[in-house]
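Pasting work33.txt here (compact mmCIF, N, CA and C atoms):
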# COMPACT_ATOMS: atom_id res chain seq x y z
N MET O 205 0.84 -1.19 0.00
CA MET O 205 0.00 0.00 0.00
C MET O 205 0.88 1.25 0.00
N LYS O 206 0.45 2.24 -0.73
CA LYS O 206 1.15 3.51 -0.80
C LYS O 206 0.28 4.60 -0.19
N GLU O 207 0.92 5.66 0.28
CA GLU O 207 0.19 6.78 0.85
C GLU O 207 -0.08 7.83 -0.22
N TYR O 208 -1.25 8.45 -0.13
CA TYR O 208 -1.66 9.51 -1.05
C TYR O 208 -2.33 10.62 -0.25
N MET O 209 -2.18 11.83 -0.76
CA MET O 209 -2.89 12.98 -0.21
C MET O 209 -3.96 13.40 -1.21
N LEU O 210 -5.14 13.63 -0.71
CA LEU O 210 -6.23 14.18 -1.51
C LEU O 210 -6.44 15.60 -0.99
N TYR O 211 -6.03 16.58 -1.78
CA TYR O 211 -6.17 17.98 -1.40
C TYR O 211 -7.45 18.53 -2.02
N ILE O 212 -8.37 18.97 -1.19
CA ILE O 212 -9.66 19.43 -1.67
C ILE O 212 -9.65 20.95 -1.77
N ARG O 213 -10.03 21.43 -2.94
CA ARG O 213 -10.07 22.87 -3.18
C ARG O 213 -11.45 23.23 -3.75
N ASN O 214 -11.90 24.42 -3.44
CA ASN O 214 -13.08 24.94 -4.12
C ASN O 214 -13.13 26.46 -3.95
N ALA O 215 -14.10 27.05 -4.60
CA ALA O 215 -14.25 28.50 -4.49
C ALA O 215 -14.43 28.86 -3.03
N LYS O 216 -13.82 29.95 -2.60
CA LYS O 216 -13.82 30.27 -1.17
C LYS O 216 -15.22 30.47 -0.62
N ASP O 217 -16.18 30.86 -1.44
CA ASP O 217 -17.54 31.08 -0.97
C ASP O 217 -18.50 30.00 -1.44
N ALA O 218 -17.99 28.86 -1.87
CA ALA O 218 -18.82 27.82 -2.47
C ALA O 218 -19.92 27.31 -1.55
N LYS O 219 -19.64 27.17 -0.29
CA LYS O 219 -20.64 26.60 0.64
C LYS O 219 -21.73 27.62 1.01
N LEU O 220 -21.51 28.91 0.72
CA LEU O 220 -22.51 29.92 1.05
C LEU O 220 -23.81 29.71 0.28
N SER O 221 -23.74 29.06 -0.88
CA SER O 221 -24.95 28.84 -1.68
C SER O 221 -25.79 27.67 -1.16
N LEU O 222 -25.24 26.89 -0.22
CA LEU O 222 -25.98 25.76 0.33
C LEU O 222 -26.94 26.23 1.41
N LYS O 223 -28.16 25.71 1.35
CA LYS O 223 -29.12 25.96 2.43
C LYS O 223 -28.66 25.17 3.64
N ALA O 224 -29.14 25.54 4.82
CA ALA O 224 -28.72 24.89 6.07
C ALA O 224 -28.90 23.38 6.02
N GLU O 225 -30.03 22.92 5.50
CA GLU O 225 -30.28 21.47 5.44
C GLU O 225 -29.35 20.78 4.43
N GLN O 226 -28.99 21.48 3.34
CA GLN O 226 -28.03 20.92 2.38
C GLN O 226 -26.65 20.82 3.01
N HIS O 227 -26.26 21.84 3.76
CA HIS O 227 -24.95 21.82 4.40
C HIS O 227 -24.87 20.69 5.42
N LEU O 228 -25.93 20.48 6.18
CA LEU O 228 -25.97 19.38 7.15
C LEU O 228 -25.90 18.04 6.42
N ALA O 229 -26.61 17.90 5.32
CA ALA O 229 -26.56 16.66 4.54
C ALA O 229 -25.15 16.42 4.01
N PHE O 230 -24.50 17.49 3.56
CA PHE O 230 -23.12 17.38 3.08
C PHE O 230 -22.20 16.87 4.19
N ILE O 231 -22.31 17.48 5.38
CA ILE O 231 -21.46 17.06 6.50
C ILE O 231 -21.70 15.60 6.84
N LYS O 232 -22.97 15.19 6.86
CA LYS O 232 -23.29 13.78 7.18
C LYS O 232 -22.72 12.83 6.13
N GLU O 233 -22.75 13.24 4.86
CA GLU O 233 -22.17 12.39 3.81
C GLU O 233 -20.65 12.32 3.96
N CYS O 234 -20.02 13.42 4.37
CA CYS O 234 -18.57 13.39 4.62
C CYS O 234 -18.26 12.44 5.77
N GLU O 235 -19.07 12.47 6.81
CA GLU O 235 -18.88 11.57 7.94
C GLU O 235 -19.02 10.11 7.49
N SER O 236 -19.99 9.82 6.64
CA SER O 236 -20.17 8.46 6.11
C SER O 236 -18.99 8.05 5.24
N TYR O 237 -18.52 8.96 4.40
CA TYR O 237 -17.37 8.72 3.53
C TYR O 237 -16.15 8.36 4.38
N ILE O 238 -15.93 9.14 5.45
CA ILE O 238 -14.81 8.88 6.36
C ILE O 238 -14.98 7.53 7.04
N ALA O 239 -16.20 7.20 7.46
CA ALA O 239 -16.45 5.92 8.12
C ALA O 239 -16.14 4.75 7.20
N ILE O 240 -16.50 4.88 5.94
CA ILE O 240 -16.20 3.81 4.95
C ILE O 240 -14.69 3.66 4.79
N LEU O 241 -13.98 4.77 4.63
CA LEU O 241 -12.53 4.70 4.47
C LEU O 241 -11.87 4.09 5.71
N LYS O 242 -12.35 4.43 6.89
CA LYS O 242 -11.81 3.85 8.12
C LYS O 242 -12.09 2.35 8.17
N ARG O 243 -13.31 1.97 7.85
CA ARG O 243 -13.70 0.54 7.88
C ARG O 243 -12.84 -0.28 6.91
N GLU O 244 -12.49 0.32 5.78
CA GLU O 244 -11.67 -0.36 4.78
C GLU O 244 -10.18 -0.19 5.04
N SER O 245 -9.82 0.42 6.16
CA SER O 245 -8.42 0.69 6.54
C SER O 245 -7.67 1.48 5.46
N LYS O 246 -8.37 2.44 4.87
CA LYS O 246 -7.79 3.28 3.81
C LYS O 246 -7.45 4.68 4.31
N LEU O 247 -7.93 5.05 5.51
CA LEU O 247 -7.77 6.41 5.98
C LEU O 247 -6.68 6.53 7.03
N ILE O 248 -5.77 7.48 6.80
CA ILE O 248 -4.76 7.82 7.81
C ILE O 248 -5.26 9.03 8.60
N ALA O 249 -5.72 10.07 7.89
CA ALA O 249 -6.24 11.28 8.54
C ALA O 249 -7.11 12.04 7.56
N ALA O 250 -8.00 12.86 8.10
CA ALA O 250 -8.84 13.73 7.27
C ALA O 250 -9.31 14.89 8.13
N GLN O 251 -9.20 16.09 7.59
CA GLN O 251 -9.66 17.26 8.33
C GLN O 251 -10.03 18.38 7.37
N PRO O 252 -11.08 19.13 7.73
CA PRO O 252 -11.35 20.35 6.97
C PRO O 252 -10.35 21.41 7.40
N ILE O 253 -10.17 22.40 6.56
CA ILE O 253 -9.27 23.51 6.85
C ILE O 253 -10.10 24.79 6.83
N VAL O 254 -9.97 25.59 7.87
CA VAL O 254 -10.71 26.85 7.97
C VAL O 254 -10.30 27.76 6.81
N ARG O 255 -11.27 28.46 6.29
CA ARG O 255 -11.04 29.30 5.11
C ARG O 255 -10.46 30.65 5.47
N GLU O 256 -9.43 30.64 6.28
CA GLU O 256 -8.71 31.87 6.60
C GLU O 256 -7.26 31.49 6.84
N GLY O 257 -6.40 32.45 6.70
CA GLY O 257 -4.98 32.19 6.89
C GLY O 257 -4.14 33.07 6.00
N VAL O 258 -2.88 32.71 5.88
CA VAL O 258 -1.91 33.53 5.16
C VAL O 258 -1.11 32.65 4.20
N LEU O 259 -0.91 33.16 3.01
CA LEU O 259 0.00 32.56 2.05
C LEU O 259 1.33 33.27 2.23
N LEU O 260 2.38 32.52 2.51
CA LEU O 260 3.68 33.09 2.83
C LEU O 260 4.67 32.81 1.69
N ARG O 261 5.36 33.87 1.27
CA ARG O 261 6.39 33.75 0.23
C ARG O 261 7.64 34.49 0.68
N LYS O 262 8.78 33.99 0.28
CA LYS O 262 10.06 34.66 0.53
C LYS O 262 10.43 35.40 -0.75
N SER O 263 10.82 36.65 -0.61
CA SER O 263 11.26 37.43 -1.77
C SER O 263 12.66 37.97 -1.47
N GLU O 264 13.24 38.63 -2.45
CA GLU O 264 14.56 39.23 -2.26
C GLU O 264 14.54 40.29 -1.16
N ASN O 265 13.40 40.93 -0.99
CA ASN O 265 13.28 42.02 -0.02
C ASN O 265 12.70 41.58 1.33
N GLY O 266 12.50 40.30 1.51
CA GLY O 266 11.93 39.82 2.78
C GLY O 266 10.75 38.90 2.54
N TRP O 267 9.82 38.93 3.46
CA TRP O 267 8.66 38.05 3.40
C TRP O 267 7.45 38.77 2.85
N ILE O 268 6.65 38.03 2.08
CA ILE O 268 5.38 38.54 1.58
C ILE O 268 4.28 37.67 2.18
N GLU O 269 3.36 38.32 2.88
CA GLU O 269 2.23 37.61 3.47
C GLU O 269 0.96 38.10 2.77
N THR O 270 0.22 37.16 2.20
CA THR O 270 -1.02 37.49 1.51
C THR O 270 -2.17 36.77 2.21
N ASP O 271 -3.19 37.49 2.57
CA ASP O 271 -4.36 36.89 3.18
C ASP O 271 -5.02 35.97 2.15
N ILE O 272 -5.29 34.74 2.52
CA ILE O 272 -5.88 33.81 1.54
C ILE O 272 -7.29 34.21 1.15
N ALA O 273 -7.91 35.11 1.92
CA ALA O 273 -9.25 35.58 1.56
C ALA O 273 -9.25 36.27 0.21
N SER O 274 -8.09 36.76 -0.24
CA SER O 274 -8.02 37.44 -1.53
C SER O 274 -7.96 36.45 -2.70
N ASP O 275 -7.74 35.18 -2.41
CA ASP O 275 -7.67 34.15 -3.44
C ASP O 275 -9.08 33.63 -3.72
N PRO O 276 -9.53 33.61 -4.98
CA PRO O 276 -10.89 33.15 -5.27
C PRO O 276 -11.09 31.66 -5.03
N GLU O 277 -10.00 30.89 -4.98
CA GLU O 277 -10.09 29.45 -4.72
C GLU O 277 -9.14 29.13 -3.57
N THR O 278 -9.53 28.20 -2.72
CA THR O 278 -8.69 27.87 -1.58
C THR O 278 -8.78 26.38 -1.24
N GLN O 279 -7.77 25.90 -0.55
CA GLN O 279 -7.80 24.53 -0.06
C GLN O 279 -8.72 24.50 1.14
N VAL O 280 -9.65 23.55 1.16
CA VAL O 280 -10.65 23.50 2.22
C VAL O 280 -10.55 22.23 3.07
N GLY O 281 -9.67 21.32 2.69
CA GLY O 281 -9.51 20.10 3.48
C GLY O 281 -8.55 19.14 2.82
N TYR O 282 -8.32 18.05 3.54
CA TYR O 282 -7.45 17.01 3.00
C TYR O 282 -7.85 15.65 3.55
N TYR O 283 -7.49 14.65 2.80
CA TYR O 283 -7.59 13.26 3.24
C TYR O 283 -6.23 12.63 3.00
N HIS O 284 -5.67 12.01 4.00
CA HIS O 284 -4.42 11.27 3.88
C HIS O 284 -4.85 9.81 3.88
N ILE O 285 -4.65 9.15 2.75
CA ILE O 285 -5.17 7.79 2.58
C ILE O 285 -4.06 6.82 2.19
N VAL O 286 -4.41 5.55 2.18
CA VAL O 286 -3.56 4.53 1.60
C VAL O 286 -4.35 3.85 0.48
N ALA O 287 -3.64 3.49 -0.56
CA ALA O 287 -4.26 2.81 -1.71
C ALA O 287 -3.19 1.95 -2.37
N ASN O 288 -3.64 0.99 -3.13
CA ASN O 288 -2.70 0.10 -3.83
C ASN O 288 -1.92 0.82 -4.91
N ASN O 289 -2.56 1.83 -5.55
CA ASN O 289 -1.93 2.56 -6.64
C ASN O 289 -2.70 3.86 -6.88
N ILE O 290 -2.19 4.66 -7.79
CA ILE O 290 -2.81 5.96 -8.07
C ILE O 290 -4.24 5.80 -8.58
N ASN O 291 -4.51 4.76 -9.35
CA ASN O 291 -5.86 4.56 -9.88
C ASN O 291 -6.87 4.31 -8.76
N GLU O 292 -6.47 3.55 -7.75
CA GLU O 292 -7.36 3.33 -6.61
C GLU O 292 -7.54 4.63 -5.83
N ALA O 293 -6.47 5.41 -5.67
CA ALA O 293 -6.56 6.70 -4.98
C ALA O 293 -7.52 7.63 -5.73
N ILE O 294 -7.46 7.63 -7.04
CA ILE O 294 -8.36 8.46 -7.86
C ILE O 294 -9.81 8.00 -7.66
N LYS O 295 -10.03 6.70 -7.64
CA LYS O 295 -11.39 6.18 -7.41
C LYS O 295 -11.91 6.63 -6.06
N ILE O 296 -11.08 6.56 -5.03
CA ILE O 296 -11.48 7.00 -3.70
C ILE O 296 -11.84 8.49 -3.74
N ALA O 297 -11.03 9.29 -4.42
CA ALA O 297 -11.29 10.73 -4.53
C ALA O 297 -12.60 11.02 -5.25
N LYS O 298 -12.91 10.27 -6.29
CA LYS O 298 -14.13 10.49 -7.06
C LYS O 298 -15.39 10.25 -6.23
N ASP O 299 -15.29 9.44 -5.18
CA ASP O 299 -16.43 9.17 -4.31
C ASP O 299 -16.65 10.25 -3.25
N ASN O 300 -15.78 11.24 -3.18
CA ASN O 300 -15.88 12.28 -2.16
C ASN O 300 -17.15 13.10 -2.35
N PRO O 301 -17.91 13.34 -1.27
CA PRO O 301 -19.16 14.10 -1.36
C PRO O 301 -18.99 15.55 -1.83
N GLU O 302 -17.79 16.07 -1.76
CA GLU O 302 -17.55 17.45 -2.19
C GLU O 302 -18.07 17.67 -3.61
N PHE O 303 -17.87 16.68 -4.48
CA PHE O 303 -18.30 16.83 -5.88
C PHE O 303 -19.82 16.92 -6.02
N LYS O 304 -20.55 16.26 -5.13
CA LYS O 304 -22.02 16.26 -5.19
C LYS O 304 -22.60 17.61 -4.77
N TYR O 305 -21.96 18.27 -3.81
CA TYR O 305 -22.52 19.48 -3.22
C TYR O 305 -21.86 20.78 -3.69
N VAL O 306 -20.65 20.71 -4.19
CA VAL O 306 -19.91 21.93 -4.52
C VAL O 306 -19.40 21.84 -5.96
N PRO O 307 -20.10 22.50 -6.90
CA PRO O 307 -19.70 22.40 -8.31
C PRO O 307 -18.28 22.87 -8.60
N SER O 308 -17.74 23.78 -7.80
CA SER O 308 -16.39 24.28 -8.04
C SER O 308 -15.30 23.37 -7.46
N ALA O 309 -15.68 22.28 -6.82
CA ALA O 309 -14.71 21.42 -6.14
C ALA O 309 -13.71 20.78 -7.10
N THR O 310 -12.47 20.73 -6.66
CA THR O 310 -11.44 19.94 -7.33
C THR O 310 -10.70 19.18 -6.24
N ILE O 311 -10.18 18.01 -6.59
CA ILE O 311 -9.37 17.24 -5.66
C ILE O 311 -8.07 16.88 -6.36
N GLU O 312 -7.00 17.30 -5.75
CA GLU O 312 -5.66 16.98 -6.24
C GLU O 312 -5.24 15.66 -5.57
N VAL O 313 -4.89 14.66 -6.37
CA VAL O 313 -4.49 13.35 -5.86
C VAL O 313 -2.98 13.22 -6.07
N ARG O 314 -2.23 13.07 -4.95
CA ARG O 314 -0.77 13.05 -5.05
C ARG O 314 -0.18 11.97 -4.16
N PRO O 315 0.81 11.23 -4.68
CA PRO O 315 1.51 10.25 -3.84
C PRO O 315 2.35 10.97 -2.78
N VAL O 316 2.48 10.32 -1.63
CA VAL O 316 3.31 10.85 -0.55
C VAL O 316 4.68 10.18 -0.62
N LYS O 317 5.72 10.96 -0.55
CA LYS O 317 7.08 10.43 -0.53
C LYS O 317 7.40 10.10 0.93
N THR O 318 7.61 8.86 1.21
CA THR O 318 7.85 8.43 2.60
C THR O 318 9.32 8.21 2.91
N LYS O 319 10.16 8.12 1.85
CA LYS O 319 11.58 7.83 2.05
C LYS O 319 12.41 8.50 0.96
N GLU O 320 13.57 9.02 1.34
CA GLU O 320 14.49 9.60 0.37
C GLU O 320 15.34 8.49 -0.24
N SER O 321 15.34 8.39 -1.55
CA SER O 321 16.11 7.33 -2.20
C SER O 321 17.61 7.58 -2.11
N ASP O 322 18.03 8.85 -2.12
CA ASP O 322 19.46 9.18 -2.08
C ASP O 322 20.10 8.92 -0.72
N THR O 323 19.37 9.21 0.36
CA THR O 323 19.96 9.12 1.69
C THR O 323 19.38 8.00 2.55
N GLY O 324 18.22 7.47 2.14
CA GLY O 324 17.57 6.43 2.94
C GLY O 324 16.77 7.00 4.10
N PHE O 325 16.73 8.32 4.23
CA PHE O 325 15.97 8.96 5.32
C PHE O 325 14.50 8.61 5.19
N VAL O 326 13.89 8.16 6.30
CA VAL O 326 12.47 7.84 6.34
C VAL O 326 11.77 8.98 7.07
N TYR O 327 10.78 9.58 6.42
CA TYR O 327 10.05 10.68 7.03
C TYR O 327 9.19 10.17 8.18
N PRO O 328 9.13 10.94 9.28
CA PRO O 328 8.38 10.49 10.45
C PRO O 328 6.87 10.50 10.23
N THR O 329 6.20 9.56 10.86
CA THR O 329 4.73 9.52 10.85
C THR O 329 4.27 9.20 12.26
N LYS O 330 2.98 9.38 12.48
CA LYS O 330 2.42 9.09 13.79
C LYS O 330 1.78 7.70 13.82
N LYS O 331 2.04 6.87 12.86
CA LYS O 331 1.43 5.53 12.81
C LYS O 331 1.87 4.70 13.97
Show the structure stored in the file as structure tokens.
Amino acid sequence: MKEYMLYIRNAKDAKLSLKAEQHLAFIKECESYIAILKRESKLIAAQPIVREGVLLRKSENGWIETDIASDPETQVGYYHIVANNINEAIKIAKDNPEFKYVPSATIEVRPVKTKESDTGFVYPTKK
């Protein structure tokens, strides 16, 4: 099994268009999705990310801090999963309820590098 990150992004105001009952239904579907991944031993971690914060960049003149509120799209959560291969990770991502409720949703599916091939260094985990 390999580790993958599913980075969930959508328009910063995407959930504002949901009525209260739709938002509750969305949350319940996310809870069910997480329960399935846990039951199948596919989930390492999953958390929503608050839609506020700072984008930090280093420049020649020092640091640049940009409020993420100025970005029309933002990362809103992540799932750290295990899958046999990228195709299975993509299938898991396609089942995410975000796509059903948020038309602007995108999910970036990326393998996690757990070890450096040049040095043999193994990155720490809480497993």
- [ ] Pick out each residue of segment 207-299 of chain O that DSSP on the backbone tags as helix (DSSP H, G or I); I need them as a ChimeraX atom specification.
- [x] /O:218-221,224-243,272-274,290-298
- [ ] Report the distance between atom C of Asp271 of chain O and atom CA of Ser221 of chain O in Å, rounded to one decimal place.
- [x]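 Taking atom C of Asp271 of chain O as the start and atom CA of Ser221 of chain O as the end point, the length is 21.5 Å.
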Open item on the list: For segment 295-309 of chain O, find every residue with an atom within 6.5 Å (counting only N, CA and C atoms), except residues of its own chain fewer than 4 positions away, and show them as an MDAnalysis selection string.
Closed with: chainID O and resid 213:215 218 233:234 290:291
- [ ] Within 6 Å of Gln251 of chain O, counting all atoms listed in the file, which residues show up once you throw out same-chain ones fewer than 4 positions away? Write them as a list in words, please.
- [x] Val280, Gly281, Tyr282 and Tyr283 of chain O
Task: strand (DSSP E) positions in chain O, given as a PyMOL selection string - done: chain O and resi 206-215+247-252+258-263+266-271+277-287+310-315
